[in-house]
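As stored in final_35.cif (mmCIF, C-alpha atoms):
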data_upload
#
loop_
_atom_site.label_atom_id
_atom_site.label_comp_id
_atom_site.auth_asym_id
_atom_site.auth_seq_id
_atom_site.Cartn_x
_atom_site.Cartn_y
_atom_site.Cartn_z
CA MET A 325 0.00 0.00 0.00
CA SER A 326 1.31 3.42 -0.92
CA HIS A 327 1.21 6.45 1.34
CA ASP A 328 -1.24 8.18 -1.00
CA GLU A 329 -3.56 5.17 -0.85
CA TYR A 330 -3.41 5.25 2.93
CA LEU A 331 -4.24 8.96 3.10
CA ALA A 332 -7.11 8.47 0.65
CA MET A 333 -8.84 5.98 2.96
CA ARG A 334 -11.80 7.60 4.70
CA ARG A 335 -12.65 4.56 6.78
CA PHE A 336 -10.75 1.56 8.13
CA PRO A 337 -13.35 -1.23 8.01
CA GLY A 338 -10.91 -3.86 9.28
CA LEU A 339 -10.69 -2.01 12.58
CA ASP A 340 -14.42 -2.50 13.16
CA GLY A 341 -13.75 -6.24 13.10
CA LEU A 342 -10.94 -5.82 15.60
CA ARG A 343 -13.34 -3.95 17.90
CA ALA A 344 -15.75 -6.86 17.55
CA ILE A 345 -13.11 -9.39 18.58
CA ALA A 346 -11.91 -7.25 21.49
CA ALA A 347 -15.43 -6.81 22.89
CA THR A 348 -16.24 -10.50 22.45
CA ILE A 349 -13.18 -11.79 24.27
CA VAL A 350 -13.83 -9.37 27.14
CA VAL A 351 -17.32 -10.85 27.56
CA PHE A 352 -15.96 -14.40 27.45
CA PHE A 353 -13.21 -13.48 29.92
CA HIS A 354 -15.77 -12.29 32.43
CA PHE A 355 -18.40 -15.00 32.06
CA ALA A 356 -17.17 -18.10 30.19
CA GLY A 357 -15.05 -19.58 32.97
CA PRO A 358 -11.43 -20.72 33.37
CA LYS A 359 -11.49 -23.05 30.35
CA TRP A 360 -11.38 -19.97 28.13
CA THR A 361 -8.43 -18.22 29.75
CA TRP A 362 -6.38 -18.99 26.63
CA LEU A 363 -8.38 -16.19 24.94
CA SER A 364 -6.57 -13.72 27.22
CA GLY A 365 -9.80 -11.77 27.21
CA TRP A 366 -8.66 -9.32 29.89
CA VAL A 367 -6.35 -7.59 27.38
CA GLY A 368 -9.26 -6.75 25.08
CA VAL A 369 -9.43 -3.34 26.76
CA TYR A 370 -5.84 -2.66 25.69
CA VAL A 371 -6.76 -3.33 22.09
CA PHE A 372 -9.43 -0.64 22.49
CA PHE A 373 -6.82 1.73 23.95
CA VAL A 374 -4.42 1.33 21.01
CA LEU A 375 -7.32 1.71 18.58
CA SER A 376 -8.54 4.88 20.31
CA GLY A 377 -5.12 6.51 20.25
CA PHE A 378 -4.63 5.62 16.60
CA LEU A 379 -8.03 6.71 15.32
CA ILE A 380 -8.29 9.96 17.28
CA THR A 381 -4.79 11.05 16.27
CA THR A 382 -5.36 10.11 12.63
CA LEU A 383 -8.55 12.19 12.51
CA LEU A 384 -6.82 15.20 14.08
CA LEU A 385 -3.78 15.02 11.80
CA ARG A 386 -5.94 14.75 8.69
CA GLU A 387 -8.03 17.70 9.81
CA GLN A 388 -4.83 19.66 10.29
CA ASP A 389 -3.68 18.83 6.76
CA ARG A 390 -7.09 19.59 5.26
CA THR A 391 -7.85 22.88 7.01
CA GLY A 392 -4.48 24.04 8.29
CA ARG A 393 -5.62 23.79 11.90
CA ILE A 394 -7.21 21.55 14.52
CA SER A 395 -10.57 22.75 15.82
CA LEU A 396 -10.75 21.78 19.46
CA GLY A 397 -14.40 22.87 19.54
CA ASP A 398 -15.31 20.48 16.72
CA PHE A 399 -13.32 17.68 18.33
CA TYR A 400 -15.04 17.97 21.68
CA LEU A 401 -18.47 18.27 20.10
CA ARG A 402 -17.85 15.05 18.16
CA ARG A 403 -16.69 13.27 21.31
CA VAL A 404 -19.60 14.51 23.42
CA PHE A 405 -22.22 13.40 20.89
CA ARG A 406 -20.43 10.09 20.33
CA ILE A 407 -19.55 9.09 23.91
CA LEU A 408 -22.14 10.61 26.24
CA PRO A 409 -25.54 9.53 24.81
CA PRO A 410 -25.03 5.71 24.99
CA TYR A 411 -23.11 6.08 28.23
CA LEU A 412 -25.88 8.04 29.94
CA VAL A 413 -28.65 5.86 28.51
CA ILE A 414 -27.02 2.67 29.81
CA LEU A 415 -26.14 4.23 33.18
CA GLY A 416 -29.69 5.56 33.47
CA GLY A 417 -31.09 2.13 32.66
CA ILE A 418 -28.95 0.54 35.37
CA ILE A 419 -30.05 3.14 37.91
CA ALA A 420 -33.70 2.55 37.03
CA PHE A 421 -33.13 -1.21 37.36
CA VAL A 422 -31.58 -1.02 40.84
CA LEU A 423 -34.20 1.48 42.00
CA LEU A 424 -36.96 -0.93 40.98
CA ARG A 425 -35.19 -3.69 42.90
CA GLY A 426 -34.71 -1.44 45.93
CA GLU A 427 -30.92 -1.81 45.71
CA PHE A 428 -29.85 1.78 44.94
CA LEU A 429 -28.29 2.27 48.36
CA ALA A 430 -27.12 -1.30 48.82
CA ARG A 431 -25.08 -1.10 45.60
CA ASP A 432 -23.52 2.19 46.73
CA PHE A 433 -24.84 4.27 43.83
CA PRO A 434 -25.00 7.57 45.78
CA HIS A 435 -21.24 7.28 46.14
CA ALA A 436 -20.59 5.73 42.74
CA LEU A 437 -22.42 8.39 40.73
CA LYS A 438 -19.92 11.03 41.78
CA TYR A 439 -17.30 9.03 39.91
CA TYR A 440 -19.43 7.88 36.98
CA LEU A 441 -20.81 11.33 36.17
CA SER A 442 -17.40 13.01 36.34
CA PHE A 443 -15.56 10.27 34.38
CA LEU A 444 -13.37 9.39 37.30
CA ASN A 445 -14.60 5.80 36.95
CA GLU A 446 -11.22 4.17 37.42
CA PHE A 447 -10.94 5.58 40.95
CA PHE A 448 -14.14 3.96 42.18
CA PRO A 449 -13.69 0.51 43.78
CA ALA A 450 -14.67 -2.41 41.57
CA SER A 451 -17.61 -3.26 43.82
CA GLY A 452 -20.22 -1.47 45.87
CA GLY A 453 -19.85 -0.58 49.51
CA ASN A 454 -21.24 -3.94 50.62
CA GLY A 455 -19.04 -5.88 48.23
CA SER A 456 -21.77 -6.36 45.60
CA ASP A 457 -21.30 -5.39 41.97
CA ASN A 458 -23.05 -2.24 40.77
CA PHE A 459 -22.98 -3.45 37.12
CA PHE A 460 -20.96 -0.48 35.84
CA SER A 461 -17.49 -1.07 37.26
CA GLY A 462 -16.24 -2.07 33.79
CA SER A 463 -16.65 1.55 32.74
CA TRP A 464 -13.24 2.34 34.29
CA THR A 465 -11.85 2.36 30.74
CA LEU A 466 -14.07 5.34 29.90
CA GLY A 467 -12.50 7.33 32.71
CA ILE A 468 -9.05 6.64 31.26
CA GLU A 469 -10.06 7.51 27.69
CA GLU A 470 -11.96 10.67 28.55
CA LYS A 471 -8.93 12.19 30.26
CA PHE A 472 -6.83 11.24 27.26
CA TYR A 473 -9.34 12.96 24.95
CA LEU A 474 -9.18 16.05 27.13
CA VAL A 475 -5.40 16.48 27.03
CA TRP A 476 -4.04 14.94 23.82
CA PRO A 477 -5.65 17.33 21.25
CA PHE A 478 -4.23 20.32 23.16
CA LEU A 479 -0.75 18.84 22.87
CA LEU A 480 -1.12 18.35 19.11
CA VAL A 481 -2.26 21.94 18.72
CA ALA A 482 0.69 23.13 20.81
CA ILE A 483 3.16 21.26 18.58
CA GLY A 484 1.80 22.98 15.47
CA ILE A 485 1.42 22.07 11.82
CA GLY A 486 3.82 19.53 10.33
CA ALA A 487 6.71 18.90 12.68
CA ALA A 488 6.61 15.11 12.48
CA ARG A 489 9.86 14.80 14.42
CA ARG A 490 8.56 16.98 17.25
CA LYS A 491 5.37 14.95 17.43
CA VAL A 492 7.25 11.65 17.58
CA ALA A 493 9.71 13.06 20.13
CA LEU A 494 6.85 14.31 22.32
CA VAL A 495 5.04 10.96 22.26
CA LEU A 496 8.20 8.97 22.97
CA ALA A 497 9.16 11.26 25.84
CA ALA A 498 5.66 10.97 27.32
CA MET A 499 5.73 7.19 26.99
CA ILE A 500 9.08 6.99 28.77
CA VAL A 501 7.81 9.18 31.61
CA LEU A 502 4.67 7.06 31.94
CA LEU A 503 6.71 3.86 32.12
CA ALA A 504 8.88 5.42 34.82
CA LEU A 505 5.73 6.30 36.78
CA VAL A 506 4.27 2.79 36.66
CA PRO A 507 5.95 1.48 39.85
CA LEU A 508 4.83 4.63 41.71
CA THR A 509 1.15 4.40 40.73
CA THR A 510 0.33 0.71 40.95
CA ASN A 511 0.73 -0.07 44.67
CA GLY A 512 2.41 -3.37 43.96
CA TRP A 513 0.30 -4.13 40.90
CA LEU A 514 3.37 -5.28 38.93
CA LEU A 515 3.86 -8.08 41.45
CA ASP A 516 0.28 -9.27 41.14
CA ALA A 517 -0.51 -12.02 38.65
CA THR A 518 -4.13 -10.89 38.28
CA PRO A 519 -4.30 -7.09 38.23
CA SER A 520 -7.17 -5.52 40.13
CA ILE A 521 -6.01 -1.89 40.40
CA TYR A 522 -6.73 0.11 37.24
CA ARG A 523 -5.05 3.39 38.10
CA SER A 524 -1.74 2.81 36.38
CA SER A 525 0.01 5.11 33.95
CA ILE A 526 0.55 2.04 31.75
CA HIS A 527 -2.93 2.63 30.32
CA TYR A 528 -1.92 6.05 29.01
CA PHE A 529 1.29 4.54 27.67
CA ILE A 530 -0.80 2.09 25.62
CA LEU A 531 -3.06 4.89 24.38
CA LEU A 532 0.01 6.83 23.28
CA SER A 533 1.33 3.80 21.41
CA GLY A 534 -1.67 4.16 19.11
CA CYS A 535 -0.96 7.89 18.78
CA LEU A 536 2.64 7.14 17.83
CA LEU A 537 1.53 4.73 15.10
CA ALA A 538 -0.88 7.32 13.68
CA ILE A 539 1.89 9.92 13.48
CA VAL A 540 4.32 7.51 11.84
CA LEU A 541 1.79 6.41 9.20
CA HIS A 542 0.61 9.95 8.52
CA HIS A 543 3.94 11.33 7.39
CA ARG A 544 5.44 10.12 4.14
CA ARG A 545 9.02 9.47 5.27
CA SER A 546 8.11 7.50 8.37
CA PHE A 547 5.37 5.64 6.46
CA ALA A 548 8.08 4.36 4.10
CA VAL A 549 9.75 2.60 7.06
CA LEU A 550 6.60 0.58 7.78
CA ARG A 551 5.48 0.15 4.17
CA PRO A 552 6.97 -3.38 3.80
CA LEU A 553 4.58 -4.47 6.57
CA THR A 554 1.60 -3.54 4.37
CA HIS A 555 2.38 -6.44 1.99
CA PRO A 556 -0.11 -9.33 2.40
CA VAL A 557 2.65 -11.88 3.06
CA ALA A 558 4.14 -9.74 5.81
CA GLY A 559 0.62 -9.25 7.12
CA LEU A 560 0.03 -12.98 7.52
CA MET A 561 3.28 -13.31 9.46
CA ILE A 562 2.34 -10.44 11.78
CA VAL A 563 -1.14 -11.86 12.40
CA ALA A 564 0.34 -15.27 13.21
CA ALA A 565 2.87 -13.76 15.62
CA PHE A 566 0.16 -11.65 17.27
CA LEU A 567 -2.08 -14.68 17.77
CA VAL A 568 0.76 -16.67 19.33
CA LEU A 569 1.50 -13.85 21.78
CA HIS A 570 -2.16 -13.19 22.54
CA THR A 571 -3.21 -16.79 23.18
CA ASN A 572 -0.20 -17.35 25.44
CA LEU A 573 -0.35 -14.02 27.23
CA ASP A 574 -2.33 -15.27 30.20
CA SER A 575 0.10 -18.12 30.92
CA LEU A 576 3.12 -15.86 30.35
CA TRP A 577 1.56 -13.30 32.71
CA ASN A 578 1.28 -15.86 35.49
CA GLU A 579 4.54 -17.74 34.86
CA THR A 580 7.06 -14.98 34.12
CA ARG A 581 5.58 -12.17 36.26
CA GLN A 582 7.14 -9.75 33.77
CA ASN A 583 3.87 -7.84 33.64
CA LEU A 584 5.18 -4.49 32.46
CA LEU A 585 7.33 -6.03 29.74
CA LEU A 586 4.42 -8.13 28.50
CA LEU A 587 2.06 -5.15 28.27
CA VAL A 588 4.66 -3.10 26.39
CA ALA A 589 5.23 -6.02 24.00
CA TYR A 590 1.49 -6.46 23.55
CA ALA A 591 1.05 -2.77 22.74
CA GLY A 592 3.80 -3.07 20.13
CA ALA A 593 2.23 -6.19 18.63
CA THR A 594 -1.16 -4.46 18.45
CA MET A 595 0.44 -1.50 16.65
CA LEU A 596 1.83 -3.87 14.01
CA LEU A 597 -1.54 -5.59 13.74
CA LEU A 598 -3.19 -2.23 12.99
CA VAL A 599 -0.75 -1.70 10.12
CA VAL A 600 -1.92 -5.02 8.68
CA LEU A 601 -5.62 -4.25 9.17
CA VAL A 602 -5.48 -0.91 7.35
CA SER A 603 -3.64 -2.55 4.42
CA PRO A 604 -5.11 -4.70 1.62
CA GLY A 605 -4.96 -8.40 2.41
CA PRO A 606 -6.88 -11.38 3.78
CA ALA A 607 -6.84 -10.14 7.40
CA ARG A 608 -8.47 -6.83 6.48
CA TRP A 609 -10.98 -8.61 4.27
CA LEU A 610 -11.98 -11.02 7.02
CA LEU A 611 -12.39 -8.38 9.70
CA ALA A 612 -14.26 -6.07 7.31
CA THR A 613 -17.03 -8.60 6.61
CA ARG A 614 -20.56 -7.51 7.48
CA PRO A 615 -20.96 -9.65 10.63
CA MET A 616 -17.66 -8.37 12.04
CA ARG A 617 -18.52 -4.78 11.23
CA PHE A 618 -21.99 -5.22 12.73
CA VAL A 619 -20.56 -6.27 16.09
CA GLY A 620 -17.72 -3.75 15.92
CA GLU A 621 -20.03 -0.80 15.33
CA ARG A 622 -21.97 -1.79 18.44
CA SER A 623 -18.98 -2.77 20.57
CA TYR A 624 -19.07 0.36 22.75
CA SER A 625 -22.56 -0.31 24.07
CA LEU A 626 -21.93 -4.07 24.11
CA TYR A 627 -18.96 -3.54 26.41
CA LEU A 628 -20.93 -1.34 28.84
CA LEU A 629 -23.97 -3.65 28.85
CA GLN A 630 -22.24 -6.93 29.72
CA GLY A 631 -22.49 -6.54 33.53
CA PRO A 632 -26.19 -5.69 33.89
CA VAL A 633 -27.19 -8.12 31.14
CA HIS A 634 -25.35 -10.98 32.85
CA PHE A 635 -27.15 -10.28 36.13
CA ALA A 636 -30.54 -10.04 34.41
CA VAL A 637 -29.97 -13.22 32.39
CA ILE A 638 -28.98 -15.28 35.43
CA GLN A 639 -31.90 -13.90 37.42
CA ALA A 640 -34.33 -14.76 34.63
CA VAL A 641 -32.90 -18.23 33.89
CA PRO A 642 -30.92 -19.44 36.94
CA SER A 643 -30.03 -22.72 35.23
CA LEU A 644 -27.77 -20.81 32.83
CA GLY A 645 -25.38 -20.24 35.71
CA GLN A 646 -24.57 -23.97 35.70
CA ASN A 647 -22.94 -23.77 32.28
CA ARG A 648 -20.65 -20.77 32.07
CA LEU A 649 -20.03 -21.05 28.33
CA VAL A 650 -23.75 -21.05 27.57
CA SER A 651 -24.13 -18.16 30.01
CA ALA A 652 -21.43 -16.15 28.21
CA VAL A 653 -22.94 -16.80 24.79
CA THR A 654 -26.39 -15.78 26.06
CA VAL A 655 -25.02 -12.58 27.59
CA PHE A 656 -23.25 -11.77 24.33
CA VAL A 657 -26.38 -12.29 22.21
CA VAL A 658 -28.72 -10.38 24.53
CA ALA A 659 -26.26 -7.52 25.09
CA LEU A 660 -25.63 -7.28 21.33
CA ALA A 661 -29.38 -7.09 20.65
CA ILE A 662 -29.76 -4.24 23.15
CA ALA A 663 -26.62 -2.57 21.80
CA ASP A 664 -28.13 -2.69 18.33
CA LEU A 665 -31.21 -0.81 19.56
CA ILE A 666 -29.00 1.81 21.24
CA HIS A 667 -26.89 2.07 18.09
CA ARG A 668 -29.96 2.72 15.91
CA TRP A 669 -32.01 4.89 18.26
CA VAL A 670 -29.33 6.72 20.25
CA GLU A 671 -25.82 6.57 18.81
CA GLN A 672 -26.52 7.25 15.14
CA PRO A 673 -29.10 10.02 15.69
CA MET A 674 -26.90 11.80 18.23
CA ILE A 675 -23.79 11.52 16.05
CA ALA A 676 -25.82 13.03 13.19
CA THR A 677 -26.98 15.81 15.52
CA GLY A 678 -23.38 16.55 16.47
CA LYS A 679 -22.40 16.77 12.79
CA ARG A 680 -25.28 19.15 12.08
CA LEU A 681 -24.24 21.34 15.01
CA ILE A 682 -20.65 21.47 13.75
CA ALA A 683 -21.85 22.30 10.22
CA TRP A 684 -24.06 25.07 11.66
CA ARG A 685 -21.09 26.52 13.58
CA HIS A 686 -18.98 26.55 10.41
CA ALA A 687 -21.76 28.09 8.34
CA ARG A 688 -22.26 30.82 10.92
CA LYS A 689 -18.56 31.50 11.08
CA ASN A 690 -18.28 31.66 7.28
CA ALA A 691 -21.26 33.99 7.08
CA LYS A 692 -19.66 36.38 9.55
CA ALA A 693 -16.38 36.28 7.63
CA ALA A 694 -18.21 37.11 4.39
CA GLN A 695 -19.91 40.23 5.80
CA PRO A 696 -18.37 43.51 4.58
CA THR A 697 -16.64 45.48 7.30
CA VAL A 698 -17.94 48.95 8.10
CA ALA A 699 -15.63 51.62 9.47
CA GLU A 700 -16.69 52.71 12.92
CA GLU A 701 -15.82 55.64 15.10
CA PRO A 702 -13.27 54.66 17.72
CA ARG A 703 -14.87 54.05 21.10
CA VAL A 704 -13.92 52.91 24.54
CA GLU A 705 -15.88 50.11 26.20
CA ALA A 706 -15.77 48.83 29.72
CA ALA A 707 -13.75 45.69 30.07
CA VAL A 708 -15.74 42.54 30.76
CA GLY A 709 -14.09 40.03 33.08
#
Can the structure in the file be given as structure tokens, please?
Amino acid sequence: MSHDEYLAMRRFPGLDGLRAIAATIVVFFHFAGPKWTWLSGWVGVYVFFVLSGFLITTLLLREQDRTGRISLGDFYLRRVFRILPPYLVILGGIIAFVLLRGEFLARDFPHALKYYLSFLNEFFPASGGNGSDNFFSGSWTLGIEEKFYLVWPFLLVAIGIGAARRKVALVLAAMIVLLALVPLTTNGWLLDATPSIYRSSIHYFILLSGCLLAIVLHHRRSFAVLRPLTHPVAGLMIVAAFLVLHTNLDSLWNETRQNLLLLVAYAGATMLLLVVLVSPGPARWLLATRPMRFVGERSYSLYLLQGPVHFAVIQAVPSLGQNRLVSAVTVFVVALAIADLIHRWVEQPMIATGKRLIAWRHARKNAKAAQPTVAEEPRVEAAVG
């Protein structure tokens, strides 16, 4: 694939399939039981992190090339209308559910909402005050990503147009600092075979790995370094290596206890996998098929719904709890069906509303710029604070 072909792509359909796989293995990790640990489903969230960093940075860099600037207002409007509506609908549905069951206080929602409504999700304990799940603890990833969305665009604007070397240098420096902070922010997490504390700077390191890939692919000279990896033969080798690492990650995590090294290696492997999935080849074709794209486009809501759906399914059909694989499949199907409704009735309409609002802002700005200026008498006005 040439650099011009890459820049001409307006959508990366193979990445929808990767979202689908990431969301699916997370569901199976939580509910399918120990026989499915080889799926290493717990790292599905890190796939989402690399994807987020890559896609957000690619969109910002292309806007900068197209318009000569990055509009922070447009960026935040797009994020608000993309992230908040499904998030609030699902959170509101959970609150209504626990209120009807008389469990609002028992599940510690008065305390939890302070975190969930301010996107400080990762700082709330994984269970309610009485040790019971409040069905939304998995949203800790949203807290991580929202803070990334808040800061990263400002840094790109500060760097300025072009300046590929400065962008790469900034990302690498930030990644090194974040790695140095890991032992100070994990409270012994690196010594734990099954991580339970999600307040580590390693998450931002993994997000920045996606940003770094986007910068490298965006600029012609650095793209040339990775261009051999866009060949289908190279792509098959990368996919095979990624699958070997991924399916053995859980055992390596427990046996070697080199947790930090493994996460850094996994982030690097995911970066290479993204190169393959944006390039022509069998892997992109497979992950861009309609079923994969269907699940991938609904993966955000699917991820948030898994907890409450599992509880509701087991309550409705207690016998499902006896077979964890059947339980996981049922949760996946039911959560996907609800996610589809949210996608059609909430996500798509609100994204379209955000686009119309951005278009209205641009039209208004252009109309003001087109108005002829009229000379006015000089005047002095009171300063407004």
Applying the PyMOL selection byres ((chain A and resi 592-609) around 10) to the file I just gave you, which residues come out? Please list them as a PDB file with C-alpha atoms, keeping the file's coordinate frame.
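Generated file (result_3.pdb):
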ATOM      1  CA  MET A 325       0.000   0.000   0.000  1.00  0.00           C
ATOM      2  CA  SER A 326       1.310   3.420  -0.920  1.00  0.00           C
ATOM      3  CA  GLU A 329      -3.560   5.170  -0.850  1.00  0.00           C
ATOM      4  CA  TYR A 330      -3.410   5.250   2.930  1.00  0.00           C
ATOM      5  CA  MET A 333      -8.840   5.980   2.960  1.00  0.00           C
ATOM      6  CA  ARG A 335     -12.650   4.560   6.780  1.00  0.00           C
ATOM      7  CA  PHE A 336     -10.750   1.560   8.130  1.00  0.00           C
ATOM      8  CA  PRO A 337     -13.350  -1.230   8.010  1.00  0.00           C
ATOM      9  CA  GLY A 338     -10.910  -3.860   9.280  1.00  0.00           C
ATOM     10  CA  LEU A 339     -10.690  -2.010  12.580  1.00  0.00           C
ATOM     11  CA  ASP A 340     -14.420  -2.500  13.160  1.00  0.00           C
ATOM     12  CA  GLY A 341     -13.750  -6.240  13.100  1.00  0.00           C
ATOM     13  CA  LEU A 342     -10.940  -5.820  15.600  1.00  0.00           C
ATOM     14  CA  TYR A 370      -5.840  -2.660  25.690  1.00  0.00           C
ATOM     15  CA  VAL A 371      -6.760  -3.330  22.090  1.00  0.00           C
ATOM     16  CA  PHE A 372      -9.430  -0.640  22.490  1.00  0.00           C
ATOM     17  CA  VAL A 374      -4.420   1.330  21.010  1.00  0.00           C
ATOM     18  CA  LEU A 375      -7.320   1.710  18.580  1.00  0.00           C
ATOM     19  CA  PHE A 378      -4.630   5.620  16.600  1.00  0.00           C
ATOM     20  CA  ILE A 530      -0.800   2.090  25.620  1.00  0.00           C
ATOM     21  CA  SER A 533       1.330   3.800  21.410  1.00  0.00           C
ATOM     22  CA  GLY A 534      -1.670   4.160  19.110  1.00  0.00           C
ATOM     23  CA  CYS A 535      -0.960   7.890  18.780  1.00  0.00           C
ATOM     24  CA  LEU A 536       2.640   7.140  17.830  1.00  0.00           C
ATOM     25  CA  LEU A 537       1.530   4.730  15.100  1.00  0.00           C
ATOM     26  CA  ALA A 538      -0.880   7.320  13.680  1.00  0.00           C
ATOM     27  CA  LEU A 541       1.790   6.410   9.200  1.00  0.00           C
ATOM     28  CA  LEU A 550       6.600   0.580   7.780  1.00  0.00           C
ATOM     29  CA  ARG A 551       5.480   0.150   4.170  1.00  0.00           C
ATOM     30  CA  LEU A 553       4.580  -4.470   6.570  1.00  0.00           C
ATOM     31  CA  THR A 554       1.600  -3.540   4.370  1.00  0.00           C
ATOM     32  CA  HIS A 555       2.380  -6.440   1.990  1.00  0.00           C
ATOM     33  CA  PRO A 556      -0.110  -9.330   2.400  1.00  0.00           C
ATOM     34  CA  VAL A 557       2.650 -11.880   3.060  1.00  0.00           C
ATOM     35  CA  ALA A 558       4.140  -9.740   5.810  1.00  0.00           C
ATOM     36  CA  GLY A 559       0.620  -9.250   7.120  1.00  0.00           C
ATOM     37  CA  LEU A 560       0.030 -12.980   7.520  1.00  0.00           C
ATOM     38  CA  MET A 561       3.280 -13.310   9.460  1.00  0.00           C
ATOM     39  CA  ILE A 562       2.340 -10.440  11.780  1.00  0.00           C
ATOM     40  CA  VAL A 563      -1.140 -11.860  12.400  1.00  0.00           C
ATOM     41  CA  ALA A 564       0.340 -15.270  13.210  1.00  0.00           C
ATOM     42  CA  ALA A 565       2.870 -13.760  15.620  1.00  0.00           C
ATOM     43  CA  PHE A 566       0.160 -11.650  17.270  1.00  0.00           C
ATOM     44  CA  LEU A 567      -2.080 -14.680  17.770  1.00  0.00           C
ATOM     45  CA  LEU A 569       1.500 -13.850  21.780  1.00  0.00           C
ATOM     46  CA  HIS A 570      -2.160 -13.190  22.540  1.00  0.00           C
ATOM     47  CA  LEU A 586       4.420  -8.130  28.500  1.00  0.00           C
ATOM     48  CA  LEU A 587       2.060  -5.150  28.270  1.00  0.00           C
ATOM     49  CA  VAL A 588       4.660  -3.100  26.390  1.00  0.00           C
ATOM     50  CA  ALA A 589       5.230  -6.020  24.000  1.00  0.00           C
ATOM     51  CA  TYR A 590       1.490  -6.460  23.550  1.00  0.00           C
ATOM     52  CA  ALA A 591       1.050  -2.770  22.740  1.00  0.00           C
ATOM     53  CA  LEU A 610     -11.980 -11.020   7.020  1.00  0.00           C
ATOM     54  CA  LEU A 611     -12.390  -8.380   9.700  1.00  0.00           C
ATOM     55  CA  ALA A 612     -14.260  -6.070   7.310  1.00  0.00           C
ATOM     56  CA  THR A 613     -17.030  -8.600   6.610  1.00  0.00           C
TER      57      THR A 613
END
Could you spell out the hits of the PyMOL selection byres ((chain A and resi 488-502) around 7) on the shown file, as a compact mmCIF listing (two decimals) with C-alpha atoms, keeping the file's coordinate frame?
# COMPACT_ATOMS: atom_id res chain seq x y z
CA ILE A 483 3.16 21.26 18.58
CA GLY A 486 3.82 19.53 10.33
CA ALA A 487 6.71 18.90 12.68
CA LEU A 503 6.71 3.86 32.12
CA ALA A 504 8.88 5.42 34.82
CA LEU A 505 5.73 6.30 36.78
CA VAL A 506 4.27 2.79 36.66
CA SER A 525 0.01 5.11 33.95
CA ILE A 526 0.55 2.04 31.75
CA PHE A 529 1.29 4.54 27.67
CA LEU A 532 0.01 6.83 23.28
CA LEU A 536 2.64 7.14 17.83
CA ILE A 539 1.89 9.92 13.48
CA HIS A 543 3.94 11.33 7.39
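Atom pair CA of Phe459 in chain A / CA of Val422 in chain A: separated by 9.7 Å.
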Q: Name the residues in contact with Phe472 in chain A at a cut-off of 9 Å, using all atoms listed in the file, excluding same-chain residues fewer than 5 positions from it; report them as a list in words.
A: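 Once the adjacent positions are removed, what remains is Gly377, Gly467, Pro477, Tyr528 and Leu531 of chain A.
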Q.
Just want the 6 Å neighbourhood of range 654-663 of chain A, counted on all atoms listed in the file, with same-chain residues fewer than 2 positions away dropped. Output as a list of chain:residue names.
A.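 Answer for this query is A:Arg622, A:Ser625, A:Leu626, A:Leu629, A:His634, A:Ser651, A:Ala652, A:Leu665, A:Ile666, A:His667.
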Could you give me, as JSON lines, a per-residue list for range 399-422 of chain A showing, wherever an atom lies at most 7 Å from an atom of range 678-685 of chain A, the closest pair of atoms and their distance in Å to one decimal, using all atoms listed in the file and sorting by chain then residue number from low to high?
{"residue": "A:Leu401", "atom": "CA", "partner": "A:Gly678", "partner_atom": "CA", "distance": 6.3}
{"residue": "A:Arg402", "atom": "CA", "partner": "A:Gly678", "partner_atom": "CA", "distance": 6.0}
{"residue": "A:Phe405", "atom": "CA", "partner": "A:Gly678", "partner_atom": "CA", "distance": 5.6}
**Q.** A:Gly368, A:Thr465, A:Phe447, A:Val641 ranked by distance to His354 in chain A, top pick (using all atoms listed in the file)
**A.**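 Smallest separation from His354 in chain A among the options: A:Gly368.
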**Q.** Long-range neighbours of Ala347 in chain A as a PyMOL selection string, 9 Å cut-off, only C-alpha atoms, 6 positions minimum in chain
**A.** chain A and resi 365+368-369+372+619-620+623-624+626-627
Could those residues be written to a file, using C-alpha atoms, as a compact mmCIF listing (two decimals), in the coordinates of the input?
# COMPACT_ATOMS: atom_id res chain seq x y z
CA GLY A 365 -9.80 -11.77 27.21
CA GLY A 368 -9.26 -6.75 25.08
CA VAL A 369 -9.43 -3.34 26.76
CA PHE A 372 -9.43 -0.64 22.49
CA VAL A 619 -20.56 -6.27 16.09
CA GLY A 620 -17.72 -3.75 15.92
CA SER A 623 -18.98 -2.77 20.57
CA TYR A 624 -19.07 0.36 22.75
CA LEU A 626 -21.93 -4.07 24.11
CA TYR A 627 -18.96 -3.54 26.41
Q.
One number please: CA of His686 in chain A to CA of Leu385 in chain A, in Å, one decimal.
A.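 So the answer is 19.1 Å.
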Q: For CA of His527 in chain A and CA of Leu474 in chain A, quote the distance in Å rounded to one decimal.
A: 15.1 Å
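Nearest-residue note for Leu384 in chain A: choosing from A:Phe618, A:Phe433, A:Tyr400, A:Phe460, the minimum distance belongs to A:Tyr400, counting all atoms listed in the file.
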Q: Give me the result of the PyMOL selection byres ((chain A and resi 386-389) around 10) on this file, residue by residue, as a list in words.
A: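 Selected by the PyMOL selection byres ((chain A and resi 386-389) around 10) here: Leu331, Thr381, Thr382, Leu383, Leu384, Leu385, Arg390, Thr391, Gly392, Arg393, Ile394, Ser395, Leu480, Val481, Gly484, Ile485, Gly486 and His542 of chain A.
The shortest atom-to-atom distance to Asp664 in chain A, with only C-alpha atoms taken into account, belongs to A:Pro410 out of A:Pro410, A:Leu423, A:Phe443, A:Arg688.
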Once 3 Å is added on each side, what centre and edge lengths in Å to one decimal does the axis-aligned box around all listed atoms of range 602-613 of chain A have, as lines of an AutoDock Vina configuration file?
center_x = -10.3
center_y = -6.1
center_z = 5.7
size_x = 19.4
size_y = 16.5
size_z = 14.1
